[in-house]
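Engineer: What follows is a single structure, and I will ask about it in a moment.
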Amino acid sequence: MAAKPFASSADLAQKQQTLEVLDDGVYALTAEGDPNVGAVEGEDFLVCFEALATPTAAREWLAVLREHTDKPIRYLVLSHYHAVRVLGASAFGADVIIAHDKTRELVAERGLQDWESEFARMPRLAKDAGSVPGLTWPTLTFSDSVTIHLGGDRGELVLRHLGRGHTEGDLVAWLPRQRILFAGDLVEAEAALYTGDAFHREWAGPTLDRVAALGAHTLVGGRGAVTRGRDAVASAIGQTRHFLTVMLREVGAVHGRGGTLKEAFEATHAALVDRYGRWPIFEHCLPFDVSRLWDELSGVERPVIWTAERDRAVWAELQG
Ligand SMILES: [Zn+2]
């Protein structure tokens, strides 16, 4: 059998983007498993959620958004530090770029390596890669919660850190009155999970418990379609938890008996592939996911920095 192409380097087919108006002034742009973005109107300003991978990609999203509103962008909210979520930020011209305290620290610590790693893993998302002017630096950070008052009768947008999960510094954006949740990569809807920078045990336990406890009726995950209705939201959260739980069980069993990383990868792949193998980025993510969980179970507290070289080495070991 031929070796699998590295990560998503062979995934070149453009995805269909869909703009959905979830409530008055609440927008989500989904893209068949590519990273989702959103926006929320205040009375006289806009809050944008996530920035895509490059300014060129972001400008295409803003052109769609501008068909609905011409309010100025006051806030750009970034759910976490990953390059394909943040490096388009300069296109927004936002007054304030908001993220979690840890996200800013992670940009400083590993932003450059992550940029190189992610653009090589999925070059299709790096549309006009030369348009990125540099790293994206949040200008307002917080540890637990920040509330943006939207004005008029629009209610408020609450940004919350619900614990470690997909990264060390994930935030969610919650509209309590409309019961709409932008969950970032803490929840995916029919897209495989990327857990290469994750804290699996906390994510699968208390962090997802807190996501569920918000009681969202509409959920926009990091990738995949908008989830509508309480039951569908519960099932998207449950699917995310199931993926993590199977990983913990399979990698944990091999780790516990003194097996190898390669054996853990094969056991996890076999346990997940029937249910998740057709979902976007499953094959791409799994080697990085299992590698990080192996480290976590070995007592490596913080994720090892992914570099383009380390990506290739892990890929060759597990998918080669
Ligand atoms: Zn991410």
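In the structure tokens, chains take letters A, B, ... by order of appearance, with residues numbered from 1 within each chain and ligands from 1 in the order shown.
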When you look at Ala192 (chain A) with a cut-off of 7 Å (counting only C-alpha atoms), what residues show up, excluding the ones that are within fewer than 2 positions of it in the same chain? I need them as a list in words.

Structural biologist: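 Counting only C-alpha atoms, the residues come to Glu190, Tyr194, Tyr276, Trp279, Pro280, Ile281 and Phe282 of chain A.
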
Engineer: Enumerate as a JSON list (two decimals) with all heavy atoms, in the first residue's frame the residues within 12 Å of ligand 1, counting only C-alpha atoms and all ligand atoms.

Structural biologist:
[["chain", "number", "residue", "atom", "x", "y", "z"],
["A", 34, "ASP", "N", -14.08, 22.58, 7.37],
["A", 34, "ASP", "CA", -13.00, 23.56, 7.55],
["A", 34, "ASP", "C", -13.37, 24.46, 8.75],
["A", 34, "ASP", "O", -14.53, 24.49, 9.16],
["A", 34, "ASP", "CB", -12.84, 24.41, 6.29],
["A", 34, "ASP", "CG", -11.94, 23.75, 5.25],
["A", 34, "ASP", "OD1", -11.42, 22.66, 5.53],
["A", 34, "ASP", "OD2", -11.77, 24.33, 4.15],
["A", 35, "PRO", "N", -12.39, 25.20, 9.29],
["A", 35, "PRO", "CA", -12.67, 26.00, 10.49],
["A", 35, "PRO", "C", -13.85, 26.98, 10.33],
["A", 35, "PRO", "O", -13.94, 27.70, 9.32],
["A", 35, "PRO", "CB", -11.36, 26.76, 10.71],
["A", 35, "PRO", "CG", -10.32, 25.83, 10.17],
["A", 35, "PRO", "CD", -10.96, 25.21, 8.95],
["A", 36, "ASN", "N", -14.72, 26.99, 11.32],
["A", 36, "ASN", "CA", -15.87, 27.88, 11.33],
["A", 36, "ASN", "C", -15.50, 29.25, 11.91],
["A", 36, "ASN", "O", -14.58, 29.36, 12.72],
["A", 36, "ASN", "CB", -16.99, 27.28, 12.19],
["A", 36, "ASN", "CG", -17.55, 26.00, 11.60],
["A", 36, "ASN", "OD1", -17.50, 25.78, 10.39],
["A", 36, "ASN", "ND2", -18.08, 25.13, 12.46],
["A", 50, "GLU", "N", -13.15, 34.37, 15.78],
["A", 50, "GLU", "CA", -12.15, 33.63, 15.00],
["A", 50, "GLU", "C", -11.75, 34.42, 13.74],
["A", 50, "GLU", "O", -12.54, 35.17, 13.17],
["A", 50, "GLU", "CB", -12.61, 32.23, 14.59],
["A", 50, "GLU", "CG", -13.19, 31.40, 15.70],
["A", 50, "GLU", "CD", -12.17, 30.80, 16.66],
["A", 50, "GLU", "OE1", -11.28, 31.52, 17.10],
["A", 50, "GLU", "OE2", -12.32, 29.61, 16.98],
["A", 52, "LEU", "N", -9.64, 32.99, 10.95],
["A", 52, "LEU", "CA", -9.17, 32.18, 9.82],
["A", 52, "LEU", "C", -7.63, 32.23, 9.71],
["A", 52, "LEU", "O", -6.96, 32.85, 10.54],
["A", 52, "LEU", "CB", -9.86, 32.57, 8.52],
["A", 52, "LEU", "CG", -11.38, 32.31, 8.53],
["A", 52, "LEU", "CD1", -12.06, 32.93, 7.33],
["A", 52, "LEU", "CD2", -11.66, 30.80, 8.58],
["A", 53, "ALA", "N", -7.11, 31.57, 8.67],
["A", 53, "ALA", "CA", -5.66, 31.33, 8.63],
["A", 53, "ALA", "C", -4.85, 32.47, 8.04],
["A", 53, "ALA", "O", -3.66, 32.61, 8.33],
["A", 53, "ALA", "CB", -5.36, 30.04, 7.85],
["A", 78, "LEU", "N", -10.68, 35.49, 19.80],
["A", 78, "LEU", "CA", -9.96, 34.30, 19.34],
["A", 78, "LEU", "C", -10.14, 33.19, 20.36],
["A", 78, "LEU", "O", -9.80, 33.35, 21.53],
["A", 78, "LEU", "CB", -8.48, 34.63, 19.15],
["A", 78, "LEU", "CG", -8.22, 35.81, 18.21],
["A", 78, "LEU", "CD1", -6.74, 36.20, 18.24],
["A", 78, "LEU", "CD2", -8.66, 35.47, 16.78],
["A", 79, "SER", "N", -10.66, 32.04, 19.92],
["A", 79, "SER", "CA", -10.97, 30.97, 20.88],
["A", 79, "SER", "C", -9.71, 30.31, 21.43],
["A", 79, "SER", "O", -9.71, 29.81, 22.56],
["A", 79, "SER", "CB", -11.87, 29.91, 20.24],
["A", 79, "SER", "OG", -11.16, 29.16, 19.28],
["A", 80, "HIS", "N", -8.64, 30.29, 20.64],
["A", 80, "HIS", "CA", -7.37, 29.71, 21.10],
["A", 80, "HIS", "C", -6.28, 30.10, 20.13],
["A", 80, "HIS", "O", -6.53, 30.84, 19.18],
["A", 80, "HIS", "CB", -7.48, 28.20, 21.28],
["A", 80, "HIS", "CG", -7.79, 27.42, 20.03],
["A", 80, "HIS", "ND1", -9.02, 27.43, 19.42],
["A", 80, "HIS", "CD2", -7.02, 26.60, 19.26],
["A", 80, "HIS", "CE1", -9.00, 26.65, 18.35],
["A", 80, "HIS", "NE2", -7.80, 26.15, 18.22],
["A", 81, "TYR", "N", -5.05, 29.63, 20.35],
["A", 81, "TYR", "CA", -3.90, 30.21, 19.65],
["A", 81, "TYR", "C", -3.60, 29.60, 18.28],
["A", 81, "TYR", "O", -2.73, 30.10, 17.57],
["A", 81, "TYR", "CB", -2.64, 30.09, 20.53],
["A", 81, "TYR", "CG", -2.02, 28.70, 20.55],
["A", 81, "TYR", "CD1", -0.95, 28.38, 19.72],
["A", 81, "TYR", "CD2", -2.52, 27.72, 21.39],
["A", 81, "TYR", "CE1", -0.39, 27.12, 19.73],
["A", 81, "TYR", "CE2", -1.97, 26.44, 21.41],
["A", 81, "TYR", "CZ", -0.90, 26.15, 20.57],
["A", 81, "TYR", "OH", -0.35, 24.89, 20.57],
["A", 82, "HIS", "N", -4.27, 28.54, 17.87],
["A", 82, "HIS", "CA", -3.87, 27.83, 16.65],
["A", 82, "HIS", "C", -3.88, 28.74, 15.41],
["A", 82, "HIS", "O", -4.80, 29.53, 15.20],
["A", 82, "HIS", "CB", -4.77, 26.62, 16.41],
["A", 82, "HIS", "CG", -4.38, 25.46, 17.28],
["A", 82, "HIS", "ND1", -5.27, 24.52, 17.72],
["A", 82, "HIS", "CD2", -3.16, 25.09, 17.78],
["A", 82, "HIS", "CE1", -4.63, 23.61, 18.46],
["A", 82, "HIS", "NE2", -3.35, 23.94, 18.51],
["A", 83, "ALA", "N", -2.85, 28.55, 14.59],
["A", 83, "ALA", "CA", -2.60, 29.44, 13.45],
["A", 83, "ALA", "C", -3.80, 29.59, 12.53],
["A", 83, "ALA", "O", -4.09, 30.70, 12.07],
["A", 83, "ALA", "CB", -1.39, 28.92, 12.66],
["A", 84, "VAL", "N", -4.51, 28.49, 12.25],
["A", 84, "VAL", "CA", -5.61, 28.59, 11.29],
["A", 84, "VAL", "C", -6.82, 29.32, 11.87],
["A", 84, "VAL", "O", -7.79, 29.57, 11.17],
["A", 84, "VAL", "CB", -6.04, 27.20, 10.75],
["A", 84, "VAL", "CG1", -4.88, 26.53, 10.04],
["A", 84, "VAL", "CG2", -6.63, 26.32, 11.83],
["A", 85, "ARG", "N", -6.73, 29.68, 13.16],
["A", 85, "ARG", "CA", -7.80, 30.45, 13.81],
["A", 85, "ARG", "C", -7.43, 31.92, 13.96],
["A", 85, "ARG", "O", -8.31, 32.74, 14.20],
["A", 85, "ARG", "CB", -8.06, 29.91, 15.22],
["A", 85, "ARG", "CG", -8.40, 28.46, 15.28],
["A", 85, "ARG", "CD", -9.84, 28.23, 14.96],
["A", 85, "ARG", "NE", -10.15, 26.83, 14.77],
["A", 85, "ARG", "CZ", -11.32, 26.39, 14.33],
["A", 85, "ARG", "NH1", -12.30, 27.25, 14.04],
["A", 85, "ARG", "NH2", -11.53, 25.12, 14.15],
["A", 86, "VAL", "N", -6.13, 32.23, 13.93],
["A", 86, "VAL", "CA", -5.72, 33.58, 14.38],
["A", 86, "VAL", "C", -4.95, 34.41, 13.36],
["A", 86, "VAL", "O", -4.94, 35.64, 13.47],
["A", 86, "VAL", "CB", -4.88, 33.50, 15.69],
["A", 86, "VAL", "CG1", -5.64, 32.74, 16.77],
["A", 86, "VAL", "CG2", -3.51, 32.89, 15.46],
["A", 103, "THR", "N", -3.59, 31.95, 26.00],
["A", 103, "THR", "CA", -3.44, 32.02, 24.54],
["A", 103, "THR", "C", -2.32, 32.99, 24.18],
["A", 103, "THR", "O", -1.49, 32.71, 23.32],
["A", 103, "THR", "CB", -4.78, 32.42, 23.90],
["A", 103, "THR", "OG1", -5.69, 31.34, 24.07],
["A", 103, "THR", "CG2", -4.63, 32.75, 22.42],
["A", 114, "ASP", "N", 4.07, 26.88, 15.55],
["A", 114, "ASP", "CA", 2.73, 26.43, 15.21],
["A", 114, "ASP", "C", 2.33, 26.92, 13.82],
["A", 114, "ASP", "O", 1.68, 26.20, 13.05],
["A", 114, "ASP", "CB", 1.74, 26.94, 16.27],
["A", 114, "ASP", "CG", 0.33, 26.48, 15.97],
["A", 114, "ASP", "OD1", 0.09, 25.26, 16.04],
["A", 114, "ASP", "OD2", -0.51, 27.32, 15.64],
["A", 115, "TRP", "N", 2.68, 28.12, 13.48],
["A", 115, "TRP", "CA", 2.40, 28.70, 12.17],
["A", 115, "TRP", "C", 3.01, 27.81, 11.08],
["A", 115, "TRP", "O", 2.33, 27.38, 10.14],
["A", 115, "TRP", "CB", 2.99, 30.11, 12.16],
["A", 115, "TRP", "CG", 2.89, 30.94, 10.92],
["A", 115, "TRP", "CD1", 2.38, 30.58, 9.70],
["A", 115, "TRP", "CD2", 3.32, 32.30, 10.80],
["A", 115, "TRP", "NE1", 2.47, 31.64, 8.82],
["A", 115, "TRP", "CE2", 3.04, 32.71, 9.47],
["A", 115, "TRP", "CE3", 3.91, 33.22, 11.66],
["A", 115, "TRP", "CZ2", 3.34, 33.99, 9.01],
["A", 115, "TRP", "CZ3", 4.21, 34.49, 11.20],
["A", 115, "TRP", "CH2", 3.93, 34.87, 9.88],
["A", 118, "GLU", "N", 1.28, 24.22, 11.13],
["A", 118, "GLU", "CA", -0.09, 24.14, 10.62],
["A", 118, "GLU", "C", -0.19, 24.42, 9.13],
["A", 118, "GLU", "O", -0.98, 23.79, 8.42],
["A", 118, "GLU", "CB", -0.99, 25.11, 11.38],
["A", 118, "GLU", "CG", -1.24, 24.67, 12.82],
["A", 118, "GLU", "CD", -2.46, 25.36, 13.41],
["A", 118, "GLU", "OE1", -3.55, 25.26, 12.82],
["A", 118, "GLU", "OE2", -2.31, 26.02, 14.45],
["A", 165, "GLY", "N", -8.62, 22.11, 27.71],
["A", 165, "GLY", "CA", -9.27, 21.15, 26.82],
["A", 165, "GLY", "C", -8.48, 20.98, 25.54],
["A", 165, "GLY", "O", -7.41, 20.35, 25.53],
["A", 166, "HIS", "N", -8.99, 21.54, 24.45],
["A", 166, "HIS", "CA", -8.31, 21.47, 23.16],
["A", 166, "HIS", "C", -6.92, 22.11, 23.25],
["A", 166, "HIS", "O", -5.99, 21.67, 22.59],
["A", 166, "HIS", "CB", -9.20, 22.17, 22.13],
["A", 166, "HIS", "CG", -8.63, 22.31, 20.77],
["A", 166, "HIS", "ND1", -8.48, 21.26, 19.91],
["A", 166, "HIS", "CD2", -8.17, 23.40, 20.11],
["A", 166, "HIS", "CE1", -7.95, 21.70, 18.78],
["A", 166, "HIS", "NE2", -7.75, 22.98, 18.87],
["A", 167, "THR", "N", -6.81, 23.17, 24.05],
["A", 167, "THR", "CA", -5.51, 23.77, 24.38],
["A", 167, "THR", "C", -5.56, 24.17, 25.85],
["A", 167, "THR", "O", -6.54, 23.92, 26.55],
["A", 167, "THR", "CB", -5.19, 25.03, 23.54],
["A", 167, "THR", "OG1", -6.07, 26.10, 23.95],
["A", 167, "THR", "CG2", -5.36, 24.78, 22.05],
["A", 168, "GLU", "N", -4.52, 24.87, 26.25],
["A", 168, "GLU", "CA", -4.43, 25.34, 27.63],
["A", 168, "GLU", "C", -5.30, 26.57, 27.86],
["A", 168, "GLU", "O", -5.56, 26.93, 29.01],
["A", 168, "GLU", "CB", -2.96, 25.73, 27.89],
["A", 168, "GLU", "CG", -2.39, 25.32, 29.18],
["A", 168, "GLU", "CD", -0.86, 25.47, 29.16],
["A", 168, "GLU", "OE1", -0.23, 25.34, 28.08],
["A", 168, "GLU", "OE2", -0.30, 25.72, 30.23],
["A", 169, "GLY", "N", -5.73, 27.22, 26.79],
["A", 169, "GLY", "CA", -6.41, 28.51, 26.97],
["A", 169, "GLY", "C", -7.63, 28.71, 26.10],
["A", 169, "GLY", "O", -7.84, 29.79, 25.56],
["A", 170, "ASP", "N", -8.48, 27.68, 25.99],
["A", 170, "ASP", "CA", -9.68, 27.83, 25.15],
["A", 170, "ASP", "C", -10.69, 28.77, 25.80],
["A", 170, "ASP", "O", -10.87, 28.73, 27.02],
["A", 170, "ASP", "CB", -10.38, 26.48, 24.97],
["A", 170, "ASP", "CG", -9.45, 25.41, 24.42],
["A", 170, "ASP", "OD1", -9.19, 25.45, 23.23],
["A", 170, "ASP", "OD2", -8.98, 24.58, 25.21],
["A", 171, "LEU", "N", -11.37, 29.54, 24.98],
["A", 171, "LEU", "CA", -12.54, 30.27, 25.46],
["A", 171, "LEU", "C", -13.74, 29.90, 24.60],
["A", 171, "LEU", "O", -13.58, 29.46, 23.46],
["A", 171, "LEU", "CB", -12.32, 31.78, 25.48],
["A", 171, "LEU", "CG", -12.12, 32.55, 24.17],
["A", 171, "LEU", "CD1", -13.43, 32.79, 23.41],
["A", 171, "LEU", "CD2", -11.48, 33.89, 24.47],
["A", 183, "ALA", "N", -18.39, 27.45, 20.42],
["A", 183, "ALA", "CA", -17.61, 26.59, 21.32],
["A", 183, "ALA", "C", -16.15, 26.47, 20.92],
["A", 183, "ALA", "O", -15.38, 25.81, 21.63],
["A", 183, "ALA", "CB", -18.25, 25.21, 21.39],
["A", 184, "GLY", "N", -15.74, 27.09, 19.82],
["A", 184, "GLY", "CA", -14.36, 26.89, 19.37],
["A", 184, "GLY", "C", -14.11, 25.40, 19.15],
["A", 184, "GLY", "O", -15.04, 24.63, 18.87],
["A", 185, "ASP", "N", -12.88, 24.98, 19.29],
["A", 185, "ASP", "CA", -12.54, 23.57, 19.03],
["A", 185, "ASP", "C", -12.80, 22.66, 20.23],
["A", 185, "ASP", "O", -12.41, 21.50, 20.21],
["A", 185, "ASP", "CB", -11.07, 23.46, 18.59],
["A", 185, "ASP", "CG", -10.89, 23.67, 17.09],
["A", 185, "ASP", "OD1", -11.83, 23.38, 16.33],
["A", 185, "ASP", "OD2", -9.81, 24.11, 16.68],
["A", 186, "LEU", "N", -13.47, 23.17, 21.26],
["A", 186, "LEU", "CA", -13.85, 22.29, 22.38],
["A", 186, "LEU", "C", -14.93, 21.30, 21.98],
["A", 186, "LEU", "O", -15.09, 20.27, 22.62],
["A", 186, "LEU", "CB", -14.35, 23.11, 23.58],
["A", 186, "LEU", "CG", -13.28, 23.81, 24.41],
["A", 186, "LEU", "CD1", -13.94, 24.64, 25.49],
["A", 186, "LEU", "CD2", -12.30, 22.81, 25.02],
["A", 187, "VAL", "N", -15.70, 21.65, 20.94],
["A", 187, "VAL", "CA", -16.74, 20.74, 20.44],
["A", 187, "VAL", "C", -16.66, 20.76, 18.91],
["A", 187, "VAL", "O", -16.55, 21.82, 18.31],
["A", 187, "VAL", "CB", -18.15, 21.18, 20.88],
["A", 187, "VAL", "CG1", -19.20, 20.20, 20.36],
["A", 187, "VAL", "CG2", -18.24, 21.31, 22.39],
["A", 188, "GLU", "N", -16.70, 19.57, 18.31],
["A", 188, "GLU", "CA", -16.76, 19.49, 16.85],
["A", 188, "GLU", "C", -18.06, 18.77, 16.48],
["A", 188, "GLU", "O", -18.53, 17.91, 17.22],
["A", 188, "GLU", "CB", -15.57, 18.71, 16.29],
["A", 188, "GLU", "CG", -14.21, 19.17, 16.79],
["A", 188, "GLU", "CD", -13.79, 20.55, 16.32],
["A", 188, "GLU", "OE1", -14.57, 21.22, 15.61],
["A", 188, "GLU", "OE2", -12.68, 20.98, 16.67],
["A", 192, "ALA", "N", -13.44, 15.22, 12.91],
["A", 192, "ALA", "CA", -12.55, 14.57, 13.87],
["A", 192, "ALA", "C", -11.93, 15.60, 14.80],
["A", 192, "ALA", "O", -11.81, 16.78, 14.46],
["A", 192, "ALA", "CB", -11.47, 13.80, 13.13],
["A", 193, "LEU", "N", -11.53, 15.16, 15.97],
["A", 193, "LEU", "CA", -10.92, 16.07, 16.94],
["A", 193, "LEU", "C", -9.42, 16.17, 16.69],
["A", 193, "LEU", "O", -8.76, 15.16, 16.47],
["A", 193, "LEU", "CB", -11.09, 15.55, 18.37],
["A", 193, "LEU", "CG", -12.49, 15.34, 18.91],
["A", 193, "LEU", "CD1", -12.41, 15.11, 20.41],
["A", 193, "LEU", "CD2", -13.40, 16.48, 18.59],
["A", 194, "TYR", "N", -8.88, 17.38, 16.79],
["A", 194, "TYR", "CA", -7.44, 17.56, 16.88],
["A", 194, "TYR", "C", -7.10, 17.71, 18.36],
["A", 194, "TYR", "O", -7.60, 18.62, 19.03],
["A", 194, "TYR", "CB", -6.96, 18.78, 16.09],
["A", 194, "TYR", "CG", -5.48, 18.98, 16.28],
["A", 194, "TYR", "CD1", -4.59, 18.04, 15.77],
["A", 194, "TYR", "CD2", -4.98, 20.03, 17.01],
["A", 194, "TYR", "CE1", -3.22, 18.16, 15.98],
["A", 194, "TYR", "CE2", -3.61, 20.16, 17.24],
["A", 194, "TYR", "CZ", -2.74, 19.23, 16.71],
["A", 194, "TYR", "OH", -1.39, 19.34, 16.93],
["A", 195, "THR", "N", -6.28, 16.81, 18.87],
["A", 195, "THR", "CA", -5.95, 16.83, 20.30],
["A", 195, "THR", "C", -4.44, 16.90, 20.54],
["A", 195, "THR", "O", -3.97, 16.57, 21.62],
["A", 195, "THR", "CB", -6.55, 15.61, 21.04],
["A", 195, "THR", "OG1", -5.80, 14.43, 20.69],
["A", 195, "THR", "CG2", -8.01, 15.38, 20.67],
["A", 196, "GLY", "N", -3.71, 17.33, 19.53],
["A", 196, "GLY", "CA", -2.25, 17.35, 19.62],
["A", 196, "GLY", "C", -1.70, 18.33, 20.65],
["A", 196, "GLY", "O", -0.53, 18.25, 21.02],
["A", 197, "ASP", "N", -2.53, 19.28, 21.10],
["A", 197, "ASP", "CA", -2.12, 20.24, 22.13],
["A", 197, "ASP", "C", -3.07, 20.19, 23.32],
["A", 197, "ASP", "O", -3.22, 21.18, 24.05],
["A", 197, "ASP", "CB", -2.10, 21.66, 21.53],
["A", 197, "ASP", "CG", -1.06, 21.79, 20.43],
["A", 197, "ASP", "OD1", 0.11, 21.46, 20.68],
["A", 197, "ASP", "OD2", -1.43, 22.18, 19.30],
["A", 198, "ALA", "N", -3.71, 19.04, 23.49],
["A", 198, "ALA", "CA", -4.85, 18.95, 24.41],
["A", 198, "ALA", "C", -4.47, 18.42, 25.79],
["A", 198, "ALA", "O", -3.38, 17.88, 26.01],
["A", 198, "ALA", "CB", -5.93, 18.06, 23.80],
["A", 221, "GLY", "N", -19.67, 24.68, 16.56],
["A", 221, "GLY", "CA", -18.41, 24.07, 16.94],
["A", 221, "GLY", "C", -17.27, 24.64, 16.12],
["A", 221, "GLY", "O", -17.45, 25.50, 15.27],
["A", 222, "GLY", "N", -16.09, 24.13, 16.38],
["A", 222, "GLY", "CA", -14.93, 24.61, 15.65],
["A", 222, "GLY", "C", -14.95, 24.23, 14.18],
["A", 222, "GLY", "O", -14.44, 24.95, 13.32],
["A", 223, "ARG", "N", -15.52, 23.08, 13.91],
["A", 223, "ARG", "CA", -15.65, 22.60, 12.54],
["A", 223, "ARG", "C", -17.01, 21.93, 12.42],
["A", 223, "ARG", "O", -17.57, 21.47, 13.40],
["A", 223, "ARG", "CB", -14.55, 21.59, 12.19],
["A", 223, "ARG", "CG", -13.14, 22.17, 12.18],
["A", 223, "ARG", "CD", -12.10, 21.05, 12.08],
["A", 223, "ARG", "NE", -10.73, 21.56, 12.03],
["A", 223, "ARG", "CZ", -10.04, 21.79, 10.90],
["A", 223, "ARG", "NH1", -10.59, 21.53, 9.73],
["A", 223, "ARG", "NH2", -8.81, 22.25, 10.94],
["A", 285, "CYS", "N", -5.34, 13.98, 11.81],
["A", 285, "CYS", "CA", -5.18, 14.31, 13.23],
["A", 285, "CYS", "C", -4.63, 13.18, 14.08],
["A", 285, "CYS", "O", -3.90, 13.42, 15.05],
["A", 285, "CYS", "CB", -6.52, 14.73, 13.82],
["A", 285, "CYS", "SG", -7.12, 16.32, 13.24],
["A", 289, "ASP", "N", -2.67, 13.30, 17.68],
["A", 289, "ASP", "CA", -3.53, 13.13, 18.86],
["A", 289, "ASP", "C", -2.97, 12.05, 19.79],
["A", 289, "ASP", "O", -2.85, 12.25, 21.00],
["A", 289, "ASP", "CB", -4.94, 12.69, 18.41],
["A", 289, "ASP", "CG", -5.72, 13.78, 17.68],
["A", 289, "ASP", "OD1", -5.19, 14.89, 17.51],
["A", 289, "ASP", "OD2", -6.86, 13.49, 17.25]]

Engineer: So that each row is one residue of region 147-237 of chain A with an atom at most 12 Å from region 55-75 of chain A, can you give its shortest atom pair and the distance in Å to one decimal, using only C-alpha atoms, rows by chain and rising number, as a tab-separated table?

Structural biologist:
residue	atom	partner	partner_atom	distance
A:Thr147	CA	A:Tyr75	CA	11.9
A:Ile148	CA	A:Tyr75	CA	9.3
A:His149	CA	A:Tyr75	CA	11.8
A:Leu150	CA	A:Arg74	CA	11.1
A:Leu157	CA	A:Tyr75	CA	11.3
A:Leu159	CA	A:Tyr75	CA	11.8

Engineer: Those same residues - N, CA, C and O atoms - I'd like them written as a PDB file, in the first residue's frame.

Structural biologist:
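selection.pdb, freshly written:
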ATOM      1  N   THR A 147     -17.437  40.007  29.911  1.00  0.00           N
ATOM      2  CA  THR A 147     -18.773  40.219  29.344  1.00  0.00           C
ATOM      3  C   THR A 147     -18.756  41.441  28.436  1.00  0.00           C
ATOM      4  O   THR A 147     -18.302  42.513  28.851  1.00  0.00           O
ATOM      5  N   ILE A 148     -19.252  41.262  27.214  1.00  0.00           N
ATOM      6  CA  ILE A 148     -19.414  42.381  26.286  1.00  0.00           C
ATOM      7  C   ILE A 148     -20.898  42.724  26.250  1.00  0.00           C
ATOM      8  O   ILE A 148     -21.731  41.889  25.866  1.00  0.00           O
ATOM      9  N   HIS A 149     -21.250  43.946  26.664  1.00  0.00           N
ATOM     10  CA  HIS A 149     -22.644  44.390  26.625  1.00  0.00           C
ATOM     11  C   HIS A 149     -22.940  44.889  25.219  1.00  0.00           C
ATOM     12  O   HIS A 149     -22.267  45.788  24.722  1.00  0.00           O
ATOM     13  N   LEU A 150     -23.932  44.285  24.580  1.00  0.00           N
ATOM     14  CA  LEU A 150     -24.145  44.507  23.151  1.00  0.00           C
ATOM     15  C   LEU A 150     -24.962  45.763  22.879  1.00  0.00           C
ATOM     16  O   LEU A 150     -24.971  46.266  21.753  1.00  0.00           O
ATOM     17  N   LEU A 157     -22.727  39.255  25.411  1.00  0.00           N
ATOM     18  CA  LEU A 157     -21.906  38.143  24.927  1.00  0.00           C
ATOM     19  C   LEU A 157     -20.875  37.860  26.018  1.00  0.00           C
ATOM     20  O   LEU A 157     -20.092  38.751  26.377  1.00  0.00           O
ATOM     21  N   LEU A 159     -17.685  35.807  27.343  1.00  0.00           N
ATOM     22  CA  LEU A 159     -16.534  34.983  26.969  1.00  0.00           C
ATOM     23  C   LEU A 159     -16.060  34.271  28.214  1.00  0.00           C
ATOM     24  O   LEU A 159     -15.817  34.910  29.244  1.00  0.00           O
TER      25      LEU A 159
END

Engineer: Please provide the set of residues having any atom within 7 Å of Val132 (chain A), restricted to only C-alpha atoms, with same-chain residues fewer than 3 positions apart removed, written as a VMD selection string.

Structural biologist: chain A and resid 54 to 55 87 to 88 129

Engineer: Assign secondary structure with DSSP using the backbone only, and return the residues of region 74-300 of chain A in helix (DSSP H, G or I) as a PyMOL selection string.

Structural biologist: chain A and resi 83-86+89-92+101-121+123-125+129-131+200-213+230-256+261-276+282-297

Engineer: Let's see if you can do this: from backbone DSSP, list all strand (DSSP E or B) residues in region 114-147 of chain A, as a ChimeraX atom specification.

Structural biologist: /A:140-142,145-147

Engineer: Closest to Ala216 (chain A) among A:Ala191, A:Ala173, A:Leu248, A:Ala31, using only C-alpha atoms?

Structural biologist: A:Ala173
